[in-house]
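> Sharing final-v7.txt (compact mmCIF, C-alpha atoms and all ligand atoms) below.
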# COMPACT_ATOMS: atom_id res chain seq x y z
CA MET J 1 72.78 145.79 -166.91
CA VAL J 2 75.23 144.02 -169.17
CA ILE J 3 73.69 140.93 -170.74
CA MET J 4 75.87 138.26 -172.31
CA VAL J 5 74.56 136.44 -175.39
CA GLY J 6 76.02 133.44 -177.18
CA LEU J 7 76.30 129.69 -177.51
CA PRO J 8 78.28 127.78 -174.87
CA ALA J 9 82.10 127.98 -175.06
CA ARG J 10 82.11 131.39 -176.77
CA GLY J 11 84.03 133.12 -174.00
CA LYS J 12 81.03 134.71 -172.24
CA THR J 13 82.28 133.94 -168.74
CA TYR J 14 85.80 134.93 -169.76
CA ILE J 15 84.57 138.29 -171.04
CA SER J 16 82.23 138.97 -168.12
CA THR J 17 84.88 138.15 -165.52
CA LYS J 18 87.44 140.43 -167.16
CA LEU J 19 84.95 143.23 -167.71
CA THR J 20 83.78 143.03 -164.07
CA ARG J 21 87.37 143.26 -162.86
CA TYR J 22 88.04 146.24 -165.13
CA LEU J 23 84.91 148.18 -164.17
CA ASN J 24 85.62 147.67 -160.47
CA TRP J 25 89.18 148.82 -160.99
CA ILE J 26 88.10 152.07 -162.63
CA GLY J 27 85.78 152.66 -159.66
CA THR J 28 82.40 151.44 -160.94
CA PRO J 29 81.05 148.85 -158.48
CA THR J 30 80.20 145.84 -160.64
CA LYS J 31 79.13 142.30 -159.96
CA GLY J 32 79.09 139.57 -162.56
CA GLN J 33 78.16 135.98 -163.22
CA TYR J 34 74.56 135.59 -162.24
CA ARG J 35 74.56 132.07 -163.66
CA ARG J 36 72.56 129.79 -161.39
CA GLU J 37 72.92 126.03 -161.47
CA ALA J 38 70.05 124.26 -159.71
CA VAL J 39 70.41 120.66 -160.80
CA SER J 40 73.06 117.99 -160.63
CA TYR J 41 74.16 117.51 -164.23
CA LYS J 42 74.02 114.08 -165.91
CA ASN J 43 74.48 114.76 -169.61
CA TYR J 44 73.54 117.01 -172.55
CA GLU J 45 69.93 115.70 -172.57
CA PHE J 46 69.14 118.28 -169.90
CA PHE J 47 69.55 120.92 -172.63
CA LEU J 48 67.37 119.26 -175.30
CA PRO J 49 64.89 121.86 -176.60
CA ASP J 50 61.90 119.59 -175.83
CA ASN J 51 62.89 118.86 -172.22
CA MET J 52 60.03 120.88 -170.72
CA GLU J 53 60.93 120.22 -167.11
CA ALA J 54 64.49 121.41 -167.69
CA LEU J 55 63.25 124.49 -169.57
CA LEU J 56 61.18 125.43 -166.55
CA ILE J 57 64.15 124.98 -164.23
CA ARG J 58 66.32 127.11 -166.51
CA LYS J 59 63.72 129.87 -166.60
CA GLN J 60 63.50 129.80 -162.81
CA CYS J 61 67.28 130.09 -162.65
CA ALA J 62 67.11 133.19 -164.86
CA LEU J 63 64.39 134.73 -162.68
CA ALA J 64 66.37 134.03 -159.52
CA ALA J 65 69.42 135.62 -161.13
CA LEU J 66 67.39 138.72 -162.06
CA LYS J 67 66.20 138.97 -158.46
CA ASP J 68 69.86 139.03 -157.41
CA VAL J 69 70.54 141.74 -159.99
CA HIS J 70 67.69 143.81 -158.54
CA SER J 71 69.00 143.58 -154.96
CA TYR J 72 72.50 144.47 -156.10
CA LEU J 73 71.51 147.47 -158.23
CA SER J 74 68.69 148.82 -156.09
CA HIS J 75 69.55 147.89 -152.50
CA GLU J 76 73.31 147.53 -152.45
CA GLU J 77 75.90 149.91 -153.86
CA GLY J 78 76.02 148.23 -157.28
CA ARG J 79 76.14 150.25 -160.49
CA VAL J 80 76.61 147.52 -163.10
CA ALA J 81 75.42 143.90 -163.04
CA VAL J 82 76.78 141.51 -165.66
CA PHE J 83 74.29 138.72 -166.38
CA ASP J 84 76.38 135.86 -167.69
CA ALA J 85 74.16 133.23 -169.35
CA THR J 86 73.50 132.09 -172.92
CA ASN J 87 70.38 134.29 -173.42
CA THR J 88 70.18 132.89 -176.94
CA THR J 89 66.44 133.29 -177.55
CA ARG J 90 64.48 136.46 -178.25
CA GLU J 91 61.98 135.28 -175.64
CA ARG J 92 64.61 135.17 -172.90
CA ARG J 93 65.98 138.57 -173.91
CA SER J 94 62.45 140.05 -173.92
CA LEU J 95 61.99 138.80 -170.36
CA ILE J 96 65.21 140.55 -169.36
CA LEU J 97 64.27 143.75 -171.21
CA GLN J 98 60.86 143.77 -169.54
CA PHE J 99 62.51 143.35 -166.13
CA ALA J 100 64.97 146.17 -166.88
CA LYS J 101 62.15 148.46 -168.03
CA GLU J 102 60.17 147.84 -164.84
CA HIS J 103 63.13 148.83 -162.70
CA GLY J 104 64.50 151.57 -164.93
CA TYR J 105 67.82 149.85 -165.68
CA LYS J 106 69.72 150.45 -168.92
CA VAL J 107 70.64 147.33 -170.89
CA PHE J 108 73.75 146.64 -172.94
CA PHE J 109 74.15 143.30 -174.74
CA ILE J 110 77.50 141.64 -175.49
CA GLU J 111 77.19 138.84 -178.01
CA SER J 112 80.10 136.56 -178.84
CA ILE J 113 79.87 134.78 -182.17
CA CYS J 114 82.46 132.23 -183.19
CA ASN J 115 82.06 129.21 -185.43
CA ASP J 116 85.63 128.01 -185.74
CA PRO J 117 85.52 124.36 -184.55
CA GLU J 118 89.15 124.49 -183.44
CA VAL J 119 88.59 127.52 -181.22
CA ILE J 120 85.48 125.93 -179.71
CA ALA J 121 87.25 122.63 -179.01
CA GLU J 122 90.19 124.46 -177.44
CA ASN J 123 87.83 126.55 -175.29
CA ILE J 124 86.11 123.40 -174.07
CA ARG J 125 89.45 121.82 -173.25
CA GLN J 126 90.65 124.93 -171.45
CA VAL J 127 87.71 125.64 -169.21
CA LYS J 128 84.93 123.06 -169.42
CA LEU J 129 86.91 119.93 -168.56
CA GLY J 130 87.39 121.19 -165.02
CA SER J 131 83.74 122.26 -164.60
CA PRO J 132 81.78 120.73 -161.68
CA ASP J 133 79.43 119.19 -164.30
CA TYR J 134 82.23 116.93 -165.44
CA ILE J 135 84.16 115.86 -162.36
CA ASP J 136 86.01 112.56 -162.91
CA CYS J 137 84.84 112.24 -166.54
CA ASP J 138 86.86 111.05 -169.50
CA ARG J 139 88.26 114.00 -171.52
CA GLU J 140 87.04 112.84 -174.92
CA LYS J 141 83.58 112.03 -173.54
CA VAL J 142 83.37 115.52 -172.05
CA LEU J 143 84.23 117.11 -175.38
CA GLU J 144 81.58 114.97 -177.09
CA ASP J 145 78.92 115.75 -174.46
CA PHE J 146 79.70 119.45 -174.54
CA LEU J 147 79.48 119.61 -178.33
CA LYS J 148 76.05 117.98 -178.10
CA ARG J 149 75.08 120.50 -175.46
CA ILE J 150 76.02 123.27 -177.90
CA GLU J 151 73.90 121.61 -180.62
CA CYS J 152 70.89 121.73 -178.26
CA TYR J 153 71.28 125.49 -178.02
CA GLU J 154 71.92 125.92 -181.74
CA VAL J 155 68.40 124.69 -182.56
CA ASN J 156 66.81 127.77 -180.98
CA TYR J 157 69.64 130.30 -181.24
CA GLN J 158 68.46 133.70 -182.44
CA PRO J 159 71.43 136.08 -182.64
CA LEU J 160 70.82 139.81 -182.11
CA ASP J 161 69.30 140.97 -185.34
CA ASP J 162 70.40 144.05 -187.31
CA GLU J 163 66.83 145.08 -188.05
CA LEU J 164 64.65 143.59 -185.32
CA ASP J 165 67.04 144.69 -182.59
CA SER J 166 68.14 147.97 -184.14
CA HIS J 167 66.70 149.88 -181.14
CA LEU J 168 68.88 147.96 -178.63
CA SER J 169 72.39 148.80 -177.39
CA TYR J 170 74.92 146.09 -178.08
CA ILE J 171 78.30 144.97 -179.26
CA LYS J 172 78.74 141.82 -181.32
CA ILE J 173 82.21 140.29 -181.11
CA PHE J 174 83.05 138.05 -184.06
CA ASP J 175 85.73 135.35 -184.11
CA VAL J 176 87.54 136.24 -180.89
CA GLY J 177 87.74 139.94 -181.69
CA THR J 178 88.60 139.79 -185.38
CA ARG J 179 85.56 141.97 -186.13
CA TYR J 180 83.03 143.97 -184.08
CA MET J 181 79.66 145.50 -184.60
CA VAL J 182 78.54 148.21 -182.22
CA ASN J 183 75.00 149.57 -182.01
CA ARG J 184 73.52 152.51 -180.09
CA VAL J 185 76.03 153.09 -177.30
CA GLN J 186 74.05 155.05 -174.69
CA ASP J 187 76.51 156.32 -172.12
CA HIS J 188 80.03 156.66 -170.78
CA ILE J 189 80.21 153.22 -169.12
CA GLN J 190 78.96 151.52 -172.29
CA SER J 191 81.49 153.35 -174.40
CA ARG J 192 84.31 152.42 -172.01
CA THR J 193 83.08 148.84 -172.11
CA VAL J 194 83.25 148.84 -175.91
CA TYR J 195 86.71 150.38 -175.84
CA TYR J 196 87.91 147.78 -173.32
CA LEU J 197 86.45 144.84 -175.25
CA MET J 198 88.18 146.06 -178.40
CA ASN J 199 91.56 145.97 -176.63
CA ILE J 200 91.60 142.54 -174.96
CA HIS J 201 92.93 139.38 -176.55
CA VAL J 202 93.35 135.73 -175.59
CA THR J 203 96.91 134.99 -176.73
CA PRO J 204 98.84 133.33 -173.88
CA ARG J 205 101.49 135.68 -172.48
CA SER J 206 103.04 136.96 -169.25
CA ILE J 207 103.28 140.45 -167.82
CA TYR J 208 106.36 141.19 -165.74
CA LEU J 209 106.12 143.95 -163.14
CA CYS J 210 109.23 145.32 -161.58
CA ARG J 211 110.10 148.37 -159.52
CA HIS J 212 112.84 150.68 -160.75
CA GLY J 213 116.40 149.91 -159.66
CA GLU J 214 117.31 150.90 -156.13
CA SER J 215 118.07 154.59 -155.85
CA GLU J 216 120.02 156.67 -153.34
CA LEU J 217 116.73 157.87 -151.94
CA ASN J 218 115.48 154.33 -151.48
CA LEU J 219 118.61 153.54 -149.53
CA ARG J 220 117.95 156.50 -147.24
CA GLY J 221 114.33 155.45 -146.81
CA ARG J 222 112.95 158.48 -148.66
CA ILE J 223 109.94 158.26 -150.92
CA GLY J 224 109.54 159.33 -154.55
CA GLY J 225 112.09 161.67 -156.08
CA ASP J 226 113.49 161.80 -159.56
CA SER J 227 117.07 162.90 -160.10
CA GLY J 228 116.16 164.19 -163.53
CA LEU J 229 113.86 166.79 -161.98
CA SER J 230 115.68 169.85 -160.73
CA ALA J 231 113.01 172.50 -160.10
CA ARG J 232 111.51 171.97 -156.66
CA GLY J 233 108.33 173.55 -157.86
CA LYS J 234 107.60 170.52 -159.93
CA GLN J 235 107.58 168.29 -156.87
CA GLY J 236 104.89 167.68 -154.27
CA VAL J 237 105.26 169.18 -150.78
CA CYS J 238 106.16 165.81 -149.21
CA GLU J 239 108.48 164.69 -152.00
CA GLU J 240 111.72 163.16 -150.73
CA MET J 241 110.60 163.18 -147.09
CA THR J 242 110.67 160.13 -144.83
CA TYR J 243 107.35 159.01 -143.37
CA GLU J 244 108.60 160.17 -139.94
CA GLU J 245 109.27 163.65 -141.37
CA ILE J 246 105.82 163.80 -142.94
CA GLN J 247 104.29 162.80 -139.61
CA GLU J 248 106.31 165.48 -137.81
CA HIS J 249 105.72 168.34 -140.30
CA TYR J 250 102.22 167.46 -141.45
CA PRO J 251 100.59 165.45 -138.64
CA GLU J 252 97.11 166.13 -139.97
CA GLU J 253 98.05 165.01 -143.45
CA PHE J 254 99.61 161.89 -142.03
CA ALA J 255 96.45 161.03 -140.08
CA LEU J 256 94.25 161.69 -143.13
CA ARG J 257 96.40 159.39 -145.22
CA ASP J 258 96.02 156.65 -142.61
CA GLN J 259 92.25 157.00 -142.66
CA ASP J 260 91.83 156.52 -146.39
CA LYS J 261 95.07 155.68 -148.07
CA TYR J 262 93.32 155.02 -151.39
CA ARG J 263 91.73 158.46 -151.71
CA TYR J 264 94.25 160.51 -149.75
CA ARG J 265 96.08 163.15 -151.83
CA TYR J 266 99.45 164.46 -150.71
CA PRO J 267 99.47 168.29 -150.78
CA LYS J 268 100.02 169.11 -154.45
CA GLY J 269 100.36 165.40 -155.07
CA GLU J 270 98.06 162.67 -156.27
CA SER J 271 96.11 159.85 -154.64
CA TYR J 272 95.97 156.20 -155.59
CA GLU J 273 92.52 156.95 -156.95
CA ASP J 274 94.00 159.64 -159.23
CA LEU J 275 96.75 157.29 -160.26
CA VAL J 276 94.31 154.57 -161.31
CA GLN J 277 92.65 157.06 -163.67
CA ARG J 278 96.03 158.10 -165.05
CA LEU J 279 97.02 154.47 -165.58
CA GLU J 280 93.98 153.41 -167.56
CA PRO J 281 95.69 153.91 -170.92
CA VAL J 282 98.57 151.80 -169.60
CA ILE J 283 96.17 148.98 -168.73
CA MET J 284 94.69 149.20 -172.24
CA GLU J 285 98.15 148.98 -173.73
CA LEU J 286 99.05 146.05 -171.44
CA GLU J 287 95.87 144.29 -172.58
CA ARG J 288 96.97 144.73 -176.19
CA GLN J 289 100.56 143.62 -175.65
CA GLU J 290 101.94 140.11 -175.55
CA ASN J 291 104.95 139.43 -173.26
CA VAL J 292 105.91 142.71 -171.67
CA LEU J 293 108.08 144.06 -168.83
CA VAL J 294 106.95 147.12 -166.87
CA ILE J 295 109.46 148.96 -164.69
CA CYS J 296 107.78 151.44 -162.38
CA HIS J 297 107.46 153.08 -158.98
CA GLN J 298 105.79 151.20 -156.14
CA ALA J 299 102.48 153.08 -156.24
CA VAL J 300 102.13 152.45 -159.98
CA MET J 301 102.96 148.79 -159.48
CA ARG J 302 100.31 148.50 -156.76
CA CYS J 303 97.66 149.90 -159.09
CA LEU J 304 98.63 147.59 -161.95
CA LEU J 305 98.88 144.57 -159.66
CA ALA J 306 95.46 145.37 -158.17
CA TYR J 307 93.96 145.30 -161.66
CA PHE J 308 95.48 141.96 -162.59
CA LEU J 309 94.85 140.28 -159.22
CA ASP J 310 91.37 141.77 -158.88
CA LYS J 311 92.21 143.55 -155.64
CA SER J 312 89.63 146.21 -156.01
CA SER J 313 90.15 149.63 -154.57
CA GLY J 314 86.88 150.77 -153.19
CA THR J 315 84.77 147.73 -152.47
CA THR J 316 86.98 145.21 -150.70
CA PHE J 317 87.99 145.79 -147.15
CA LEU J 318 90.61 144.04 -145.09
CA SER J 319 89.51 143.42 -141.56
CA GLY J 320 92.51 141.67 -140.05
CA PRO J 321 93.85 142.65 -136.64
CA GLY J 322 95.37 146.11 -136.73
CA MET J 323 94.23 146.74 -140.30
CA GLY J 324 90.93 148.44 -139.55
CA ALA J 325 88.79 149.07 -142.60
CA ALA J 326 91.61 149.56 -145.06
CA TYR J 327 91.44 149.20 -148.82
CA GLU J 328 93.61 146.48 -150.23
CA LEU J 329 95.20 148.25 -153.18
CA PRO J 330 97.45 150.76 -151.37
CA TYR J 331 98.82 148.01 -149.13
CA LEU J 332 99.86 145.49 -151.75
CA LYS J 333 103.49 144.67 -151.13
CA CYS J 334 105.84 145.25 -154.02
CA PRO J 335 109.38 144.53 -152.85
CA LEU J 336 112.47 145.92 -154.53
CA HIS J 337 114.84 143.54 -156.38
CA THR J 338 111.88 141.49 -157.45
CA VAL J 339 110.10 140.77 -160.70
CA LEU J 340 106.48 139.69 -160.49
CA LYS J 341 105.44 137.45 -163.34
CA LEU J 342 101.71 137.49 -164.04
CA THR J 343 100.33 134.82 -166.31
CA PRO J 344 96.64 135.12 -167.21
CA VAL J 345 94.95 131.71 -167.42
CA ALA J 346 91.48 131.76 -169.00
CA TYR J 347 89.14 133.21 -166.40
CA ALA J 348 90.69 131.55 -163.35
CA LYS J 349 92.61 133.80 -161.02
CA ILE J 350 95.76 135.09 -162.64
CA GLY J 351 98.83 133.11 -161.67
CA ALA J 352 101.52 135.28 -160.14
CA GLU J 353 105.09 134.31 -159.57
CA CYS J 354 107.62 136.26 -157.67
CA ILE J 355 111.14 136.22 -159.06
CA THR J 356 113.81 137.72 -156.84
CA LYS J 357 117.15 139.04 -157.87
CA VAL J 358 116.01 138.47 -161.43
CA SER J 359 118.49 135.70 -162.16
CA ALA J 360 117.33 133.46 -159.30
CA THR J 361 115.40 130.27 -159.91
CA VAL J 362 111.75 130.70 -160.72
CA GLU J 363 109.22 128.40 -159.17
CA ARG J 364 105.59 128.07 -160.07
CA ALA J 365 103.24 129.62 -157.55
CA ALA J 366 100.12 127.76 -156.55
CA LYS J 367 96.80 129.51 -157.01
CA GLY J 368 94.59 129.98 -153.98
CA ASP J 369 91.04 131.24 -153.60
CA THR J 370 91.91 133.92 -151.11
CA GLY J 371 94.85 135.41 -152.88
CA THR J 372 97.99 134.66 -154.72
CA GLU J 373 100.82 132.76 -153.21
CA TYR J 374 104.21 134.09 -154.00
CA THR J 375 107.02 131.64 -154.29
CA ILE J 376 110.31 133.29 -153.78
CA LYS J 377 113.96 132.35 -153.84
CA THR J 378 116.26 134.53 -151.85
CA SER J 379 119.98 134.22 -151.43
CA ALA J 380 119.31 132.33 -148.22
CA GLY J 381 117.58 129.65 -150.26
CA ALA J 382 114.08 128.89 -151.36
CA ARG J 383 111.13 129.44 -149.12
CA ARG J 384 107.51 129.03 -149.99
CA ALA J 385 104.69 130.78 -148.23
CA THR J 386 102.32 128.37 -146.56
CA LYS J 387 98.68 128.14 -147.62
CA ALA J 388 97.63 130.25 -144.64
CA ASP J 389 100.03 132.98 -145.67
CA THR J 390 98.14 134.07 -148.76
CA GLY J 391 97.67 137.61 -149.99
CA SER J 392 99.20 140.63 -148.43
CA LYS J 393 100.25 138.84 -145.24
CA CYS J 394 102.48 136.55 -147.24
CA ALA J 395 103.79 139.41 -149.30
CA THR J 396 104.50 141.40 -146.13
CA LYS J 397 106.71 138.64 -144.84
CA LEU J 398 108.58 138.54 -148.09
CA ALA J 399 109.00 142.28 -148.18
CA LEU J 400 110.39 142.31 -144.68
CA GLU J 401 112.76 139.53 -145.55
CA LEU J 402 114.02 141.61 -148.45
CA GLY J 403 114.51 144.65 -146.25
CA ASP J 404 111.93 146.77 -148.05
CA PRO J 405 110.99 149.93 -146.16
CA PRO J 406 107.60 149.54 -144.41
CA MET J 407 104.76 151.58 -145.96
P1 LIG J 501 81.09 130.48 -172.19
O1 LIG J 501 80.89 131.25 -170.92
O2 LIG J 501 80.62 131.20 -173.41
O3 LIG J 501 80.54 129.07 -172.12
P2 LIG J 501 83.86 130.48 -171.44
O4 LIG J 501 84.02 131.89 -171.02
O5 LIG J 501 83.69 129.48 -170.33
O6 LIG J 501 82.66 130.31 -172.46
O7 LIG J 501 85.09 130.08 -172.37
C1 LIG J 501 86.38 130.51 -172.04
C2 LIG J 501 87.28 130.38 -173.25
O8 LIG J 501 86.82 131.26 -174.26
C3 LIG J 501 88.72 130.74 -172.96
O9 LIG J 501 89.52 129.67 -173.38
C4 LIG J 501 88.97 131.99 -173.81
O10 LIG J 501 90.27 131.95 -174.41
C5 LIG J 501 87.91 131.90 -174.89
N1 LIG J 501 87.42 133.20 -175.38
C6 LIG J 501 87.58 134.43 -174.82
N2 LIG J 501 86.99 135.38 -175.59
C7 LIG J 501 86.43 134.76 -176.64
C8 LIG J 501 85.68 135.19 -177.78
N3 LIG J 501 85.39 136.49 -177.98
N4 LIG J 501 85.27 134.24 -178.65
C9 LIG J 501 85.56 132.94 -178.46
N5 LIG J 501 86.27 132.47 -177.42
C10 LIG J 501 86.70 133.35 -176.52
Would you mind writing the file's structure down as structure tokens?
Ligand code: ADP

Amino acid sequence: MVIMVGLPARGKTYISTKLTRYLNWIGTPTKGQYRREAVSYKNYEFFLPDNMEALLIRKQCALAALKDVHSYLSHEEGRVAVFDATNTTRERRSLILQFAKEHGYKVFFIESICNDPEVIAENIRQVKLGSPDYIDCDREKVLEDFLKRIECYEVNYQPLDDELDSHLSYIKIFDVGTRYMVNRVQDHIQSRTVYYLMNIHVTPRSIYLCRHGESELNLRGRIGGDSGLSARGKQGVCEEMTYEEIQEHYPEEFALRDQDKYRYRYPKGESYEDLVQRLEPVIMELERQENVLVICHQAVMRCLLAYFLDKSSGTTFLSGPGMGAAYELPYLKCPLHTVLKLTPVAYAKIGAECITKVSATVERAAKGDTGTEYTIKTSAGARRATKADTGSKCATKLALELGDPPM
């Protein structure tokens, strides 16, 4: 279990959402955000330390969340559960530790500590103004109410303690990653978590993904290839073949690939699953970078795009007509002559724009719950995918329009 700790507006949800996405991407089934809201919110008074009724409700919420954690880790396929709540008292953390001990779960705490009033105010503006607690409320009043809500928590806040908690596993993140303190990392997942958290930042930026320029082989509908490579021995058995040729020469291979495109390995080649592992350092570097352009092959782009758009490899299935139970990642459409602009926005879904022919007009893409809409301008003029056309279906249309070879 990963347990978040910290006052409101310290980036707990931001961190847990990103970490969940990352762990799923590297192939560790993870579910996050067990924050339960059971009441309709009026104002900060709900959080006053002497509001006994509210305290009881909040404890029940925590217990209900822990029950969810138990079903996920013990009865579903889950390996990591991220419990995103304030967990600011020793009492609440003891309850969680007791629960974890009963079920034999390991616990790793992530505490975010930040006391810069400007950062806090900006965080509230960025993510709390749009919260369901504050629908149709005046912006300044929301800020005021939220600051009072934080004060309610401050009264009883007991940060993880160097001495009292020296037996626990945790990372403390100070001032948005300016400083860290790491204690008793117990295993591989915890150490990867620490490594990941030490690489992310919150500076606004965009990541541009683009396939390499069209090659002779692309024109002839042949996959892979690298003119710089001369020795055939260096290439996989199916390198430079068309899909029809692969089907003809290696029918069994072709069928296997169709069954599980994510895990399928070309003879002497690599699978998408292998590629994700190989790309992890690239993701770390992309997390560290500010504005950056990546030019890559289609398979690489699919893996990177899957990470940023949270299209997990092993847990999400598409069930549309003709799709069967296919993983999403290997089917993400990445047309040629196109730059994808990804703009992370707090912990909402990442905004993605599709820019064709590089110099063409860029339009903002709307964000949808089911996927990302791509807005695209082709030489024939602008067209925007309709709301129903989200995700890969929309991208498929665009790819076809651009004459990309089907995959
Ligand atoms: P919480 O869940 O603690 O109430 P949120 O996750 O809703 O807070 O806050 C999101 C905001 O926190 C974003 O604007 C993000 O830039 C910011 N943020 C992300 N990481 C941190 C951090 N380590 N410390 C402080 N703020 C952060």
> What's around Ile189 of chain J at 9 Å? Count all atoms listed in the file, leave out sequence neighbours fewer than 4 positions away in its own chain, and write the answer as JSON, numbers by chain.
{"J": [23, 28, 193, 194]}
> Could those selected residues go to a file with C-alpha atoms, as a PDB file, in the coordinates of the input?

ATOM      1  CA  LEU J  23      84.910 148.180-164.170  1.00  0.00           C
ATOM      2  CA  THR J  28      82.400 151.440-160.940  1.00  0.00           C
ATOM      3  CA  THR J 193      83.080 148.840-172.110  1.00  0.00           C
ATOM      4  CA  VAL J 194      83.250 148.840-175.910  1.00  0.00           C
TER       5      VAL J 194
END
> Please write out the residues within 9 Å of ligand LIG 501 (chain J) as a ChimeraX atom specification, counting only C-alpha atoms and all ligand atoms.
/J:4-17,84-86,111-116,119-120,122-128,173-178,197,200-204,345-347
> Would you mind listing what lies within 12 Å of Val80 of chain J as an MDAnalysis selection string, with all atoms listed in the file counted and same-chain residues fewer than 5 positions away left out?
chainID J and resid 1:3 16 19:24 27:33 69:74 105:108 189:190 193
> Could you give me, as a list in words, the residues that sit within 10 Å of (79.8, 122.3, -161.9) in the file's coordinates, counting all atoms listed in the file?
Glu37, Val39, Ser40, Tyr41, Lys128, Gly130, Ser131, Pro132, Asp133, Tyr134 and Ile135 of chain J
> Neighbouring residues of Ile207 of chain J were defined as those with any atom within 12 Å, considering only C-alpha atoms; residues of the same chain fewer than 2 positions away were excluded. Please report them as a JSON list (two decimals) with C-alpha atoms, keeping the file's coordinate frame.

[["chain", "number", "residue", "atom", "x", "y", "z"],
["J", 204, "PRO", "CA", 98.84, 133.33, -173.88],
["J", 205, "ARG", "CA", 101.49, 135.68, -172.48],
["J", 209, "LEU", "CA", 106.12, 143.95, -163.14],
["J", 210, "CYS", "CA", 109.23, 145.32, -161.58],
["J", 283, "ILE", "CA", 96.17, 148.98, -168.73],
["J", 285, "GLU", "CA", 98.15, 148.98, -173.73],
["J", 286, "LEU", "CA", 99.05, 146.05, -171.44],
["J", 287, "GLU", "CA", 95.87, 144.29, -172.58],
["J", 288, "ARG", "CA", 96.97, 144.73, -176.19],
["J", 289, "GLN", "CA", 100.56, 143.62, -175.65],
["J", 290, "GLU", "CA", 101.94, 140.11, -175.55],
["J", 291, "ASN", "CA", 104.95, 139.43, -173.26],
["J", 292, "VAL", "CA", 105.91, 142.71, -171.67],
["J", 293, "LEU", "CA", 108.08, 144.06, -168.83],
["J", 294, "VAL", "CA", 106.95, 147.12, -166.87],
["J", 295, "ILE", "CA", 109.46, 148.96, -164.69],
["J", 301, "MET", "CA", 102.96, 148.79, -159.48],
["J", 304, "LEU", "CA", 98.63, 147.59, -161.95],
["J", 305, "LEU", "CA", 98.88, 144.57, -159.66],
["J", 308, "PHE", "CA", 95.48, 141.96, -162.59],
["J", 339, "VAL", "CA", 110.10, 140.77, -160.70],
["J", 340, "LEU", "CA", 106.48, 139.69, -160.49],
["J", 341, "LYS", "CA", 105.44, 137.45, -163.34],
["J", 342, "LEU", "CA", 101.71, 137.49, -164.04],
["J", 343, "THR", "CA", 100.33, 134.82, -166.31],
["J", 344, "PRO", "CA", 96.64, 135.12, -167.21],
["J", 350, "ILE", "CA", 95.76, 135.09, -162.64],
["J", 351, "GLY", "CA", 98.83, 133.11, -161.67],
["J", 352, "ALA", "CA", 101.52, 135.28, -160.14],
["J", 353, "GLU", "CA", 105.09, 134.31, -159.57],
["J", 354, "CYS", "CA", 107.62, 136.26, -157.67]]
> Using all atoms listed in the file for the distances, tell me which of J:Phe254, J:Val142, J:Tyr262, J:Arg278 is nearest to Leu332 of chain J.
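Distance minimum relative to Leu332 of chain J lands on J:Tyr262.
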> Between J:Ile96, J:Met284, J:Leu309, J:Ile150, single out the one closest to Tyr196 of chain J, counting all atoms listed in the file.
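Smallest separation from Tyr196 of chain J among the options: J:Met284.
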> Find the residues near Glu244 of chain J: any atom within 10 Å, counting all atoms listed in the file, skip ones fewer than 4 places away on the same chain, and give them as a PyMOL selection string.
chain J and resi 222+248-251+254
> Of the candidates J:Lys67, J:Lys268, J:Arg184, J:His75, which shows the shortest atom-to-atom distance to Phe99 of chain J, using only C-alpha atoms?
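Between J:Lys67, J:Lys268, J:Arg184, J:His75, the residue approaching Phe99 of chain J most closely is J:Lys67.
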> Could you work out how far atom CA of Pro267 of chain J lies from atom CA of Leu329 of chain J, giving the answer in Å with one decimal?
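Those two atoms sit 20.6 Å apart.
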> What gap, in Å, lies between atom CA of Tyr170 of chain J and atom CA of Tyr44 of chain J?
29.6 Å
> Here is a test: counting all atoms listed in the file, which residue of J:Val276, J:Ile110, J:Ala121, J:Leu168 is nearest to Leu97 of chain J?
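Closest to Leu97 of chain J of all the choices is J:Leu168.
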> Between atom CA of Ser271 of chain J and atom CA of Arg302 of chain J, what is the distance in Å, rounded to a tenth?
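These atoms are spaced 12.3 Å apart.
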> What box, with edges along x, y and z, holds each listed atom of segment 247-263 of chain J when 4 Å is added on every side, and can you state its centre and edge lengths in Å to one decimal, as AutoDock Vina command-line options?

--center_x 99.0 --center_y 161.7 --center_z -144.8 --size_x 22.6 --size_y 21.3 --size_z 21.9
